[in-house]
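First up is the structure itself, then whatever we jot down about it.
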Amino acid sequence: MTPTTLAGPARTRIDAGWTVTARGASVPAEVLVAGAVPAAVPGTVTTDLLAAGLIEDPFRDDNERRQAWIGRSDWVYRTTFSWTPDGGAIQELVFDGIDTVATVVLNGQVLGAARNMHRTHRFDVSEGLVPGENILEVTIASPVAAADAASLALGFRPHANHHPYNAIRKAACSFGWDWGIDTSTSGLWRPVWIESWSGPRLAQVLVAGTAPEGAARLAVRAHVRSADAAAGLELHVAVGERQWTVPVDDGVASLDAAIDAELWWPRGHGEQALHEVEVSLVQGGDVIDAERRRIGFRSAEFVATDADGAGDTALIVNGQRIEVRGANWIPEDAFLPRITAERYSARIDDAVFAGINLLRVWGGGIFESEDFYDACDERGILTWQDFLFACAAYSEEPALAEEVELEAREAVARLASHPSLVVLNGNNENLWGRQDWGWETLLDGQSWGAQYYYEMLPAIVGELAPHVPYTPGSPFSPNPSAVQNSETTGTMHVWDVWNFIDHARYRDYRPRFVAEYGWQGPPTWATLTAFVSDDPLTPESPGMLIHQKAVIGNTKLTRGLIPHLRLPSTMEDWHWAMSLNQAVAVRTAIEWYRSIPECSGQIVWQLNDCWPVTSWAAVDSLGRAKPLLHALRTANAERLVTIQPDDDGLVVTLVNDTAADWRGDLVLDRRDYAGAILASAQQSVEVPARGSVSVTVPDDVSSPAAPESELVTASFDGTRGWWFFAEYRDSRLSDPGLTVDAERTERGWRLEVAAAALARDVAVLVDRVDPDARADVALVTLLPGERVTVEVTGALAAAATDFAAPSVLRSANQLVVGAGS
């Protein structure tokens, strides 16, 4: 039966007239005098104080330390709103997100408490609302004090922070991380509503598009809640012209039906076919409630190697093994309500630019928003969502476990319809941490979270989203008793390279699947200097160290640079050297992982940043691309030519992640830095679709007479790979004689950059010309006489000569020439 009307609960948003007031011994006098401050809802207390002019930008200089009192204070949100009875039998006050431990009071009556920022809280206010003016107050406890008290009550468990974030259900990174500012903020971070309704309504709707054996199927399950008698209810489901009607029995209606529909594919494998599904609750021919979902039809499987290393670890979508070229995702802003749909869209466009086909939402943040998942669905970016546990042991006591179950059920039900979601993962590094980080002694027999990862969460996924693969942790091995961070089983995190050794040592590993690895670098120059006002600005000046959160981070940066480049003596050259080394380190890792057939995927740490900081990100917190983003684009190309060392010399690997075979002549040349060919070889090669081929480089090409001034190029069908026998610092690179011809375009500039001599890793750092400008190409190596075209968006007020400035037109050569012997 076709519905004749469309109805549902009346929703009124309570977003006006809010104030917030600080309470506690740590509150500065000027904030106490100010009293009630206008508050945005959704919002945070920190951003409200900033808007009121009571604090400076938390991201600037040492303001993080100066504003630590915010996390040690209680906060009272208050508003007055008008309500007129609308005939509804039930009224509920709905908070989509309270951060975090709070008491809710309406008209002087306590409605209840909240202690979890990751879920919705509902309070029946049918008897508490009054016609006319109503007073609503939400008192949020100091998150620092709340975490400390909860840790004491639950019992200490090891964690990776200066606050016991693992004791309350608040985003772990809001207390700071090794890339994140410690805001310890509070707020009503998602909308607040009054819902009014009568009769039956849809309490939960689960919609999934599946594709077993390539045939599309629609699965719908709806749970109905009723305020009174609920006879004669039906569920109407429509997808385009297709319609189904099923009865509601004991408050539940289910549909599992075949449908003729195009499948949804990850980017690079097909189109992203999306379909609108309307689910309507019908009584007596009228629609009394309805919800819409946008879905795609696809199958997904995550297979993992056995404990002995046999078999494969791979993500399989629609029966196709996906070569995962991924990036880890953290919250896009330290103050979550500031993240707009436009910011999500821009950042995920950056992922597409970088050749990324999967984003992993890390477990120390949040269950990401519909805006994030919608953008990924549309672009064919696969998603992997961690449950919200990170780098810590977690209590399994009821006080925490009850909240974990509620948040997990809500999140899985909300996200399960998104076709991009192909992994739900139990935690970040907790299985590994329990084994290798000395937790056993500290736990002294207490629970640590195993019941969540191996029982509760897989059961919830199996019930609510059986079409989404589940893994117990990252990293993990299928056998819980086996080594959990292993290159031969399951997934792996590779962090010893960054922490202790040189990035060339990524080649020591042959992992099945790498879910984390990465290298630090500073934010773009424009972003760095906008937030750090040190004079002089140096790598170790106070503001720089505040914006470096990794343990001995600068020491690791220097240790990782020295094998490749000498440590520069100027801040501008230091910034370029560390930016370049970050890009080269990650490029080295990706090309290596892609060259070994047993590795089915790699997920770099990380795509984005939440504040201006030296970090592992490819895009800084103001959305400006670091050189790393361009390195990702090169190394993640669907068709890649890479030269790698082996025990007998050099090997060229041709990687073809497309649906068509790749044929051509592979030309191998050993050259000197002047461009002269010293030895050459050629052979015809065919690389199968979704495959790779490795070719040994002949000895005369792989054996240099003068390593410091020779290189190998591998050219195949317009794509080129490089091998340099000497590190930058040990090579005879000279002034490359770069020149720029700049031509204005409608959107910016077209630059023709030419090299008179060999130029390694040429980049035009356009943020030095205009902070909001973007270049489409960077880190290009040019042989003598070659040139590259760089399209620049923005910088419309610039002069052509600006792009030739030495701080703008960069190359690795600059860090070698004149750097000393």
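Note on naming: chains are A, B, ... as they come in the structure tokens, residues start from 1 per chain, ligands start from 1 in the order shown.
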### Query
Among range 154-395 of chain A, which residues carry a DSSP assignment of helix (DSSP H, G or I), reported as an MDAnalysis selection string?
chainID A and resid 154 165:167 172:174 212:214 336:338 341:353 370:379
Keeping N, CA and C atoms for every residue in the selection just given, could you write it to a file as an mmCIF file, in the first residue's frame?
data_model
loop_
_atom_site.group_PDB
_atom_site.id
_atom_site.type_symbol
_atom_site.label_atom_id
_atom_site.label_comp_id
_atom_site.auth_asym_id
_atom_site.auth_seq_id
_atom_site.Cartn_x
_atom_site.Cartn_y
_atom_site.Cartn_z
ATOM 1 N N LEU A 154 37.102 2.694 39.815
ATOM 2 C CA LEU A 154 37.186 1.479 39.012
ATOM 3 C C LEU A 154 38.458 0.693 39.266
ATOM 4 N N TYR A 165 42.166 8.847 30.899
ATOM 5 C CA TYR A 165 41.069 8.952 29.940
ATOM 6 C C TYR A 165 40.276 7.652 29.809
ATOM 7 N N ASN A 166 40.920 6.532 30.155
ATOM 8 C CA ASN A 166 40.266 5.238 29.997
ATOM 9 C C ASN A 166 39.203 4.968 31.060
ATOM 10 N N ALA A 167 39.040 5.869 32.024
ATOM 11 C CA ALA A 167 38.068 5.649 33.099
ATOM 12 C C ALA A 167 36.706 6.250 32.791
ATOM 13 N N ALA A 172 39.409 10.036 23.966
ATOM 14 C CA ALA A 172 40.723 9.970 24.613
ATOM 15 C C ALA A 172 41.590 11.159 24.242
ATOM 16 N N CYS A 173 41.537 11.565 22.975
ATOM 17 C CA CYS A 173 42.448 12.624 22.528
ATOM 18 C C CYS A 173 42.053 13.996 23.032
ATOM 19 N N SER A 174 40.865 14.137 23.643
ATOM 20 C CA SER A 174 40.530 15.450 24.198
ATOM 21 C C SER A 174 41.394 15.776 25.408
ATOM 22 N N PRO A 212 25.569 -10.791 -1.674
ATOM 23 C CA PRO A 212 26.145 -12.132 -1.636
ATOM 24 C C PRO A 212 26.246 -12.712 -3.040
ATOM 25 N N GLU A 213 27.449 -13.189 -3.365
ATOM 26 C CA GLU A 213 27.724 -13.762 -4.686
ATOM 27 C C GLU A 213 27.362 -12.798 -5.812
ATOM 28 N N GLY A 214 27.488 -11.509 -5.546
ATOM 29 C CA GLY A 214 27.286 -10.499 -6.576
ATOM 30 C C GLY A 214 25.851 -10.110 -6.840
ATOM 31 N N LEU A 336 35.210 19.791 18.397
ATOM 32 C CA LEU A 336 34.437 19.005 17.438
ATOM 33 C C LEU A 336 33.294 19.762 16.774
ATOM 34 N N PRO A 337 32.543 20.618 17.483
ATOM 35 C CA PRO A 337 31.428 21.285 16.799
ATOM 36 C C PRO A 337 31.858 22.220 15.676
ATOM 37 N N ARG A 338 33.135 22.560 15.586
ATOM 38 C CA ARG A 338 33.587 23.442 14.498
ATOM 39 C C ARG A 338 33.747 22.694 13.176
ATOM 40 N N ALA A 341 30.397 20.210 7.331
ATOM 41 C CA ALA A 341 30.326 19.299 6.180
ATOM 42 C C ALA A 341 31.330 19.702 5.112
ATOM 43 N N GLU A 342 31.541 21.008 4.981
ATOM 44 C CA GLU A 342 32.504 21.481 3.977
ATOM 45 C C GLU A 342 33.918 21.050 4.324
ATOM 46 N N ARG A 343 34.272 21.070 5.601
ATOM 47 C CA ARG A 343 35.607 20.631 5.998
ATOM 48 C C ARG A 343 35.790 19.136 5.752
ATOM 49 N N TYR A 344 34.771 18.361 6.103
ATOM 50 C CA TYR A 344 34.844 16.935 5.800
ATOM 51 C C TYR A 344 35.048 16.714 4.304
ATOM 52 N N SER A 345 34.266 17.409 3.515
ATOM 53 C CA SER A 345 34.337 17.231 2.068
ATOM 54 C C SER A 345 35.725 17.582 1.536
ATOM 55 N N ALA A 346 36.279 18.694 2.007
ATOM 56 C CA ALA A 346 37.600 19.117 1.543
ATOM 57 C C ALA A 346 38.675 18.116 1.927
ATOM 58 N N ARG A 347 38.583 17.605 3.152
ATOM 59 C CA ARG A 347 39.637 16.694 3.591
ATOM 60 C C ARG A 347 39.547 15.360 2.867
ATOM 61 N N ILE A 348 38.343 14.898 2.618
ATOM 62 C CA ILE A 348 38.206 13.622 1.918
ATOM 63 C C ILE A 348 38.569 13.802 0.443
ATOM 64 N N ASP A 349 38.380 14.996 -0.096
ATOM 65 C CA ASP A 349 38.922 15.279 -1.424
ATOM 66 C C ASP A 349 40.450 15.202 -1.415
ATOM 67 N N ASP A 350 41.071 15.622 -0.312
ATOM 68 C CA ASP A 350 42.519 15.465 -0.187
ATOM 69 C C ASP A 350 42.908 13.990 -0.230
ATOM 70 N N ALA A 351 42.099 13.151 0.399
ATOM 71 C CA ALA A 351 42.372 11.718 0.367
ATOM 72 C C ALA A 351 42.307 11.192 -1.056
ATOM 73 N N VAL A 352 41.305 11.624 -1.803
ATOM 74 C CA VAL A 352 41.201 11.213 -3.204
ATOM 75 C C VAL A 352 42.422 11.688 -3.984
ATOM 76 N N PHE A 353 42.817 12.941 -3.779
ATOM 77 C CA PHE A 353 44.004 13.488 -4.446
ATOM 78 C C PHE A 353 45.236 12.633 -4.157
ATOM 79 N N GLU A 370 27.661 11.670 10.131
ATOM 80 C CA GLU A 370 27.035 11.334 8.851
ATOM 81 C C GLU A 370 27.688 12.095 7.708
ATOM 82 N N ASP A 371 28.117 13.319 7.947
ATOM 83 C CA ASP A 371 28.782 14.092 6.892
ATOM 84 C C ASP A 371 30.049 13.375 6.417
ATOM 85 N N PHE A 372 30.818 12.839 7.347
ATOM 86 C CA PHE A 372 32.024 12.101 6.993
ATOM 87 C C PHE A 372 31.672 10.870 6.166
ATOM 88 N N TYR A 373 30.754 10.076 6.659
ATOM 89 C CA TYR A 373 30.431 8.827 5.973
ATOM 90 C C TYR A 373 29.724 9.067 4.645
ATOM 91 N N ASP A 374 28.873 10.087 4.572
ATOM 92 C CA ASP A 374 28.237 10.409 3.292
ATOM 93 C C ASP A 374 29.287 10.774 2.243
ATOM 94 N N ALA A 375 30.265 11.575 2.635
ATOM 95 C CA ALA A 375 31.314 11.977 1.690
ATOM 96 C C ALA A 375 32.116 10.773 1.220
ATOM 97 N N CYS A 376 32.393 9.837 2.131
ATOM 98 C CA CYS A 376 33.127 8.630 1.736
ATOM 99 C C CYS A 376 32.290 7.744 0.825
ATOM 100 N N ASP A 377 30.992 7.595 1.147
ATOM 101 C CA ASP A 377 30.109 6.824 0.272
ATOM 102 C C ASP A 377 30.129 7.373 -1.149
ATOM 103 N N GLU A 378 30.056 8.690 -1.269
ATOM 104 C CA GLU A 378 29.972 9.331 -2.582
ATOM 105 C C GLU A 378 31.257 9.198 -3.380
ATOM 106 N N ARG A 379 32.384 9.194 -2.704
ATOM 107 C CA ARG A 379 33.679 9.181 -3.392
ATOM 108 C C ARG A 379 34.284 7.790 -3.509
#
### Message
If we count only C-alpha atoms and set the cut-off at 7 Å, which residues sit around range 636-642 of chain A, ignoring sequence neighbours fewer than 6 positions away in its own chain? Please answer as number ranges by chain.
### Response
A: 325, 354-356, 591, 652-658, 719-722
#### Entry: Polymer residues at most 8 Å from range 741-754 of chain A, only C-alpha atoms, same-chain spacing of 2 or more positions, as a PyMOL selection string
chain A and resi 738-739+756+785-796+800-801+803
### Message
So that I can see what lies close to Leu765 in chain A, please list as a list in words the residues with an atom at most 10 Å from it, counting only C-alpha atoms and leaving out residues fewer than 5 positions away in the same chain.
### Response
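Answer for this query is Thr524, Trp525, Ala526, Trp576, Ala625, Lys626, Pro627, Asp770, Pro771, Ala773, Arg774, Ala775, Ala778, Phe803, Ala805, Pro806, Ser807, Val808, Leu809 and Arg810 of chain A.
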### Query
What separation in Å, quoted to one decimal, exists between CA of Ala401 in chain A and CA of Arg169 in chain A?
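Atom-to-atom, CA of Ala401 in chain A and CA of Arg169 in chain A are spaced 10.2 Å apart.
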### Task
Compare A:Thr489, A:Gln682, A:Asn107, A:Gln272 by their minimum atom-to-atom distance to Glu133 in chain A, counting only C-alpha atoms, and give me the closest one.
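Nearest candidate to Glu133 in chain A out of A:Thr489, A:Gln682, A:Asn107, A:Gln272: A:Asn107.
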### Task
Measuring atom to atom with only C-alpha atoms, identify which of A:Leu443, A:Val604, A:Leu50, A:Leu136 is nearest to Trp495 in chain A.
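Distance minimum relative to Trp495 in chain A lands on A:Val604.
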### Task
Among the residues of range 4-88 of chain A, find those DSSP assigns to strand (DSSP E) from the backbone and print them as a VMD selection string.
chain A and resid 10 to 13 19 to 23 37 to 38 74 to 83
Any chance you can output those residues with N, CA, C and O atoms as a compact mmCIF listing (two decimals), in the first residue's frame?
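In the end it all went to out_15.txt:
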# COMPACT_ATOMS: atom_id res chain seq x y z
N ALA A 10 7.30 15.27 16.27
CA ALA A 10 7.62 16.68 16.07
C ALA A 10 8.93 16.98 16.82
O ALA A 10 9.05 16.68 18.01
N ARG A 11 9.89 17.55 16.12
CA ARG A 11 11.19 17.82 16.73
C ARG A 11 11.41 19.33 16.77
O ARG A 11 11.34 20.01 15.74
N THR A 12 11.68 19.84 17.94
CA THR A 12 11.97 21.26 18.11
C THR A 12 13.38 21.39 18.67
O THR A 12 13.69 20.86 19.75
N ARG A 13 14.22 22.10 17.96
CA ARG A 13 15.61 22.24 18.38
C ARG A 13 15.74 23.34 19.42
O ARG A 13 15.18 24.44 19.26
N THR A 19 23.46 30.03 27.90
CA THR A 19 24.64 30.62 28.53
C THR A 19 25.41 29.50 29.22
O THR A 19 24.88 28.42 29.48
N VAL A 20 26.68 29.79 29.53
CA VAL A 20 27.47 28.84 30.29
C VAL A 20 28.26 29.61 31.36
O VAL A 20 28.75 30.71 31.10
N THR A 21 28.32 29.02 32.55
CA THR A 21 28.96 29.67 33.69
C THR A 21 29.97 28.72 34.30
O THR A 21 29.69 27.53 34.48
N ALA A 22 31.15 29.25 34.61
CA ALA A 22 32.21 28.44 35.19
C ALA A 22 32.07 28.38 36.70
O ALA A 22 31.66 29.36 37.35
N ARG A 23 32.44 27.22 37.26
CA ARG A 23 32.44 27.05 38.70
C ARG A 23 33.70 26.29 39.11
O ARG A 23 34.13 25.37 38.42
N VAL A 37 28.18 33.40 30.29
CA VAL A 37 28.71 33.76 28.97
C VAL A 37 27.80 33.19 27.90
O VAL A 37 27.33 32.03 28.01
N PRO A 38 27.48 33.93 26.84
CA PRO A 38 26.67 33.36 25.76
C PRO A 38 27.31 32.08 25.23
O PRO A 38 28.52 32.02 25.02
N ASP A 74 34.00 23.01 36.69
CA ASP A 74 32.65 22.59 36.35
C ASP A 74 32.00 23.69 35.52
O ASP A 74 32.36 24.87 35.61
N TRP A 75 30.95 23.29 34.75
CA TRP A 75 30.31 24.24 33.85
C TRP A 75 28.81 24.04 33.89
O TRP A 75 28.32 22.90 33.83
N VAL A 76 28.09 25.15 33.97
CA VAL A 76 26.63 25.10 34.02
C VAL A 76 26.07 25.76 32.75
O VAL A 76 26.24 26.97 32.54
N TYR A 77 25.42 24.96 31.92
CA TYR A 77 24.70 25.46 30.75
C TYR A 77 23.25 25.75 31.18
O TYR A 77 22.65 24.97 31.93
N ARG A 78 22.73 26.86 30.69
CA ARG A 78 21.37 27.23 31.07
C ARG A 78 20.68 27.93 29.91
O ARG A 78 21.29 28.72 29.19
N THR A 79 19.42 27.59 29.71
CA THR A 79 18.61 28.31 28.74
C THR A 79 17.16 28.32 29.19
O THR A 79 16.74 27.48 30.00
N THR A 80 16.41 29.27 28.69
CA THR A 80 14.97 29.32 28.88
C THR A 80 14.32 29.18 27.51
O THR A 80 14.71 29.87 26.56
N PHE A 81 13.38 28.27 27.40
CA PHE A 81 12.71 28.08 26.10
C PHE A 81 11.20 27.99 26.32
O PHE A 81 10.73 27.61 27.40
N SER A 82 10.48 28.34 25.30
CA SER A 82 9.02 28.34 25.37
C SER A 82 8.48 27.06 24.75
O SER A 82 8.98 26.59 23.72
N TRP A 83 7.46 26.49 25.40
CA TRP A 83 6.83 25.27 24.88
C TRP A 83 5.32 25.42 24.92
O TRP A 83 4.74 25.89 25.90
### Message
When you look at Asp699 in chain A with a cut-off of 12 Å (counting only C-alpha atoms), what residues show up, excluding the ones that are within fewer than 2 positions of it in the same chain? I need them as a PyMOL selection string.
### Response
chain A and resi 648-651+668-670+679-681+696-697+701-705+712
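Shortest separation to Ile322 in chain A among A:Ala399, A:Ile288, A:Leu382, A:Leu359 occurs at residue A:Leu382, atoms counted being only C-alpha atoms.
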### Within 9 Å of Phe724 in chain A using only C-alpha atoms, minus same-chain residues under 3 positions, as a ChimeraX atom specification
/A:707-713,727-728,731
For all heavy atoms, I'd like the residues from the last selection saved as a compact mmCIF listing (two decimals), in the first residue's frame.
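And here is the file that came out, result-v3.txt:
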# COMPACT_ATOMS: atom_id res chain seq x y z
N PRO A 707 79.18 5.84 -7.15
CA PRO A 707 77.86 5.88 -6.51
C PRO A 707 77.39 7.28 -6.16
O PRO A 707 76.18 7.56 -6.20
CB PRO A 707 78.04 5.03 -5.25
CG PRO A 707 79.21 4.16 -5.56
CD PRO A 707 80.11 4.94 -6.45
N GLU A 708 78.32 8.16 -5.82
CA GLU A 708 77.93 9.49 -5.38
C GLU A 708 77.39 10.36 -6.50
O GLU A 708 76.83 11.44 -6.25
CB GLU A 708 79.11 10.18 -4.71
CG GLU A 708 80.23 10.59 -5.65
CD GLU A 708 81.17 9.44 -6.02
OE1 GLU A 708 80.92 8.29 -5.57
OE2 GLU A 708 82.15 9.68 -6.76
N SER A 709 77.52 9.91 -7.75
CA SER A 709 77.07 10.75 -8.87
C SER A 709 76.37 9.94 -9.96
O SER A 709 76.36 10.33 -11.12
CB SER A 709 78.26 11.51 -9.47
OG SER A 709 79.25 10.60 -9.92
N GLU A 710 75.76 8.82 -9.57
CA GLU A 710 75.03 8.00 -10.53
C GLU A 710 73.67 7.60 -9.95
O GLU A 710 73.46 7.58 -8.74
CB GLU A 710 75.83 6.74 -10.89
CG GLU A 710 77.12 7.04 -11.64
CD GLU A 710 77.88 5.78 -12.03
OE1 GLU A 710 77.27 4.69 -12.04
OE2 GLU A 710 79.09 5.89 -12.34
N LEU A 711 72.77 7.27 -10.87
CA LEU A 711 71.41 6.86 -10.51
C LEU A 711 70.89 5.90 -11.56
O LEU A 711 71.47 5.76 -12.64
CB LEU A 711 70.49 8.07 -10.42
CG LEU A 711 70.20 8.80 -11.75
CD1 LEU A 711 68.73 9.24 -11.80
CD2 LEU A 711 71.11 9.99 -11.94
N VAL A 712 69.77 5.24 -11.22
CA VAL A 712 69.08 4.37 -12.17
C VAL A 712 67.67 4.90 -12.35
O VAL A 712 67.00 5.28 -11.38
CB VAL A 712 69.04 2.92 -11.66
CG1 VAL A 712 68.20 2.04 -12.58
CG2 VAL A 712 70.44 2.34 -11.54
N THR A 713 67.22 4.92 -13.60
CA THR A 713 65.82 5.21 -13.90
C THR A 713 65.19 3.99 -14.54
O THR A 713 65.84 3.26 -15.30
CB THR A 713 65.67 6.41 -14.85
OG1 THR A 713 66.38 6.16 -16.08
CG2 THR A 713 66.21 7.68 -14.22
N GLU A 727 73.02 8.52 -0.56
CA GLU A 727 72.11 9.42 0.14
C GLU A 727 72.34 10.85 -0.34
O GLU A 727 73.41 11.20 -0.84
CB GLU A 727 72.32 9.33 1.65
CG GLU A 727 71.97 7.98 2.26
CD GLU A 727 70.48 7.72 2.25
OE1 GLU A 727 69.71 8.65 1.97
OE2 GLU A 727 70.10 6.56 2.52
N TYR A 728 71.32 11.68 -0.12
CA TYR A 728 71.47 13.09 -0.52
C TYR A 728 72.80 13.66 -0.02
O TYR A 728 73.56 14.27 -0.78
CB TYR A 728 70.35 13.94 0.09
CG TYR A 728 68.94 13.64 -0.30
CD1 TYR A 728 68.08 12.96 0.57
CD2 TYR A 728 68.42 14.07 -1.52
CE1 TYR A 728 66.76 12.72 0.24
CE2 TYR A 728 67.10 13.83 -1.86
CZ TYR A 728 66.27 13.15 -0.98
OH TYR A 728 64.97 12.92 -1.31
N SER A 731 75.96 12.61 -1.83
CA SER A 731 75.94 12.69 -3.29
C SER A 731 76.59 13.99 -3.77
O SER A 731 76.86 14.90 -2.98
CB SER A 731 74.51 12.62 -3.79
OG SER A 731 73.79 13.80 -3.42
